[in-house]
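Trainee: Here it is: the structure, laid out below.
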Amino acid sequence: MSTPEASNPKGYFPATLWTVIIRAKSEDDGTRMTALEQILTRYHRPVVRHIQTSQRCSPEQAEDLCQEFWAQCLRLDFLKQVGPENGRFRTFIKTCLGNFLRDQHIRAT
């Protein structure tokens with residue numbers, strides 16, 4: 001069985017798996033948690049790479065920011081407005097990430 005990293009070796013944002021996203025919005029806690037874990041695993045490396053490239057920071061700093069980003073996403077229930085009719089999930093994630101990094105920069109200055 002291949003890992004998300006094996007199918008996405010350069011860290012690019014992968015294609016959207018809408019079935020997983022829909023399961024992550026499930027009322028069943030077990031189904032939702034499993035799907036969220038799949039999403040976070042699938043998008044972890046691209047998010048870290050994007051942070052490290054855009055912020056010109058160390059891998060450790062990028063990991064820390066990535067963890068803060070995902071924590072904020074989960075706290076804000078980021079999937080409630082997401083659906084195939086609204087466009088690509090990777091575009092949504094990149095937009096959320098850009099907004100998060102902008103807010104981090106504003107707080108730091």
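Chain labels follow the order of the structure tokens: the first chain is A, the next B, and so on; residue numbering restarts at 1 in every chain, and ligands are counted from 1 in their shown order.
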Tell me, as an NGL selection string, which residues lie within 8 Å of segment 68-76 of chain A, counting only C-alpha atoms; anything in the same chain fewer than 2 positions away does not count.

Mentor: :A and (40 or 64-66 or 78 or 97 or 100)

Trainee: Skip segment 85-92 of chain A itself and residues of its chain fewer than 2 positions away, then list as an mmCIF file with N, CA and C atoms, in the first residue's frame all residues within 8 Å of it, counting only C-alpha atoms.

Mentor:
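out_15.cif, freshly written:
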data_model
loop_
_atom_site.group_PDB
_atom_site.id
_atom_site.type_symbol
_atom_site.label_atom_id
_atom_site.label_comp_id
_atom_site.auth_asym_id
_atom_site.auth_seq_id
_atom_site.Cartn_x
_atom_site.Cartn_y
_atom_site.Cartn_z
ATOM 1 N N PHE A 13 0.305 19.889 -3.815
ATOM 2 C CA PHE A 13 -1.024 19.640 -3.276
ATOM 3 C C PHE A 13 -1.702 18.578 -4.127
ATOM 4 N N PRO A 14 -2.174 17.493 -3.498
ATOM 5 C CA PRO A 14 -2.775 16.392 -4.252
ATOM 6 C C PRO A 14 -4.188 16.721 -4.730
ATOM 7 N N ALA A 15 -4.642 15.909 -5.654
ATOM 8 C CA ALA A 15 -6.016 16.045 -6.141
ATOM 9 C C ALA A 15 -6.985 15.768 -4.994
ATOM 10 N N THR A 16 -8.142 16.346 -5.081
ATOM 11 C CA THR A 16 -9.149 16.226 -4.035
ATOM 12 C C THR A 16 -9.836 14.875 -4.075
ATOM 13 N N VAL A 82 -17.336 23.488 2.598
ATOM 14 C CA VAL A 82 -16.593 22.885 1.495
ATOM 15 C C VAL A 82 -17.447 21.851 0.775
ATOM 16 N N GLY A 83 -17.396 21.877 -0.551
ATOM 17 C CA GLY A 83 -18.105 20.888 -1.352
ATOM 18 C C GLY A 83 -17.631 20.948 -2.788
ATOM 19 N N LYS A 94 -5.102 26.223 0.142
ATOM 20 C CA LYS A 94 -4.080 27.243 -0.123
ATOM 21 C C LYS A 94 -4.564 28.629 0.293
ATOM 22 N N THR A 95 -5.824 28.931 0.044
ATOM 23 C CA THR A 95 -6.389 30.224 0.438
ATOM 24 C C THR A 95 -6.422 30.353 1.953
ATOM 25 N N CYS A 96 -6.892 29.309 2.629
ATOM 26 C CA CYS A 96 -6.911 29.321 4.095
ATOM 27 C C CYS A 96 -5.504 29.475 4.653
#

Trainee: Give the alpha helix (DSSP H) residues of chain A, as assigned by DSSP on the backbone, as a PyMOL selection string.

Mentor: chain A and resi 4-7+18-24+29-55+59-75+89-108

Trainee: Restricting the calculation to only C-alpha atoms, which member of A:Met33, A:Arg49, A:Ile39, A:Gln61 is positioned closest to Val20 of chain A?

Mentor: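 Among the listed residues, the smallest separation from Val20 of chain A belongs to A:Ile39.
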
Trainee: Using only C-alpha atoms, find the one residue out of A:Gln67, A:Thr53, A:Gln81, A:Ser58 that sits nearest to Ile21 of chain A.

Mentor: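 For Ile21 of chain A, the nearest of the given residues is A:Gln81.
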
Trainee: So that I can see what lies close to His105 of chain A, please list as a ChimeraX atom specification the residues with an atom at most 12 Å from it, counting only C-alpha atoms and leaving out residues fewer than 4 positions away in the same chain.

Mentor: /A:54-55,65,98-101,109

Trainee: Would you export the selected residues with C-alpha atoms as an mmCIF file, in the first residue's frame, please?

Mentor:
data_model
loop_
_atom_site.group_PDB
_atom_site.id
_atom_site.type_symbol
_atom_site.label_atom_id
_atom_site.label_comp_id
_atom_site.auth_asym_id
_atom_site.auth_seq_id
_atom_site.Cartn_x
_atom_site.Cartn_y
_atom_site.Cartn_z
ATOM 1 C CA SER A 54 6.656 31.143 1.391
ATOM 2 C CA GLN A 55 7.987 32.066 4.842
ATOM 3 C CA LEU A 65 3.118 26.689 11.867
ATOM 4 C CA GLY A 98 -2.412 32.193 2.911
ATOM 5 C CA ASN A 99 -4.892 33.922 5.226
ATOM 6 C CA PHE A 100 -3.443 32.112 8.242
ATOM 7 C CA LEU A 101 0.129 33.100 7.350
ATOM 8 C CA THR A 109 4.720 42.820 13.566
#

Trainee: Thr19 of chain A: which residues within 12 Å, counting only C-alpha atoms, same-chain residues fewer than 5 positions away excluded, as number ranges by chain?

Mentor: A: 24-26, 31-32, 35-36, 38-39, 83-84, 89

Trainee: How would the residues just chosen look if you wrote them out with N, CA and C atoms as an mmCIF file, in the first residue's frame?

Mentor:
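Done, and the output landed in part.cif:
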data_model
loop_
_atom_site.group_PDB
_atom_site.id
_atom_site.type_symbol
_atom_site.label_atom_id
_atom_site.label_comp_id
_atom_site.auth_asym_id
_atom_site.auth_seq_id
_atom_site.Cartn_x
_atom_site.Cartn_y
_atom_site.Cartn_z
ATOM 1 N N ALA A 24 -15.633 13.256 6.234
ATOM 2 C CA ALA A 24 -15.132 14.103 7.328
ATOM 3 C C ALA A 24 -16.216 15.037 7.858
ATOM 4 N N LYS A 25 -17.284 15.188 7.118
ATOM 5 C CA LYS A 25 -18.408 16.021 7.553
ATOM 6 C C LYS A 25 -19.530 15.174 8.159
ATOM 7 N N SER A 26 -19.267 13.894 8.345
ATOM 8 C CA SER A 26 -20.249 12.945 8.848
ATOM 9 C C SER A 26 -20.650 13.256 10.292
ATOM 10 N N THR A 31 -16.340 7.823 11.914
ATOM 11 C CA THR A 31 -16.173 8.078 10.481
ATOM 12 C C THR A 31 -15.508 9.425 10.262
ATOM 13 N N ARG A 32 -15.970 10.441 10.988
ATOM 14 C CA ARG A 32 -15.435 11.788 10.844
ATOM 15 C C ARG A 32 -13.957 11.832 11.231
ATOM 16 N N ALA A 35 -11.706 10.096 8.629
ATOM 17 C CA ALA A 35 -11.598 10.910 7.409
ATOM 18 C C ALA A 35 -10.732 12.146 7.650
ATOM 19 N N LEU A 36 -10.896 12.800 8.802
ATOM 20 C CA LEU A 36 -10.054 13.965 9.112
ATOM 21 C C LEU A 36 -8.589 13.578 9.182
ATOM 22 N N GLN A 38 -7.181 11.181 7.534
ATOM 23 C CA GLN A 38 -6.737 10.977 6.148
ATOM 24 C C GLN A 38 -6.449 12.311 5.469
ATOM 25 N N ILE A 39 -7.304 13.297 5.691
ATOM 26 C CA ILE A 39 -7.107 14.620 5.074
ATOM 27 C C ILE A 39 -5.829 15.263 5.599
ATOM 28 N N GLY A 83 -17.396 21.877 -0.551
ATOM 29 C CA GLY A 83 -18.105 20.888 -1.352
ATOM 30 C C GLY A 83 -17.631 20.948 -2.788
ATOM 31 N N PRO A 84 -17.858 19.907 -3.550
ATOM 32 C CA PRO A 84 -17.387 19.874 -4.937
ATOM 33 C C PRO A 84 -17.949 21.006 -5.785
ATOM 34 N N PHE A 89 -10.609 21.575 -3.519
ATOM 35 C CA PHE A 89 -10.258 21.610 -2.108
ATOM 36 C C PHE A 89 -8.849 22.155 -1.916
#
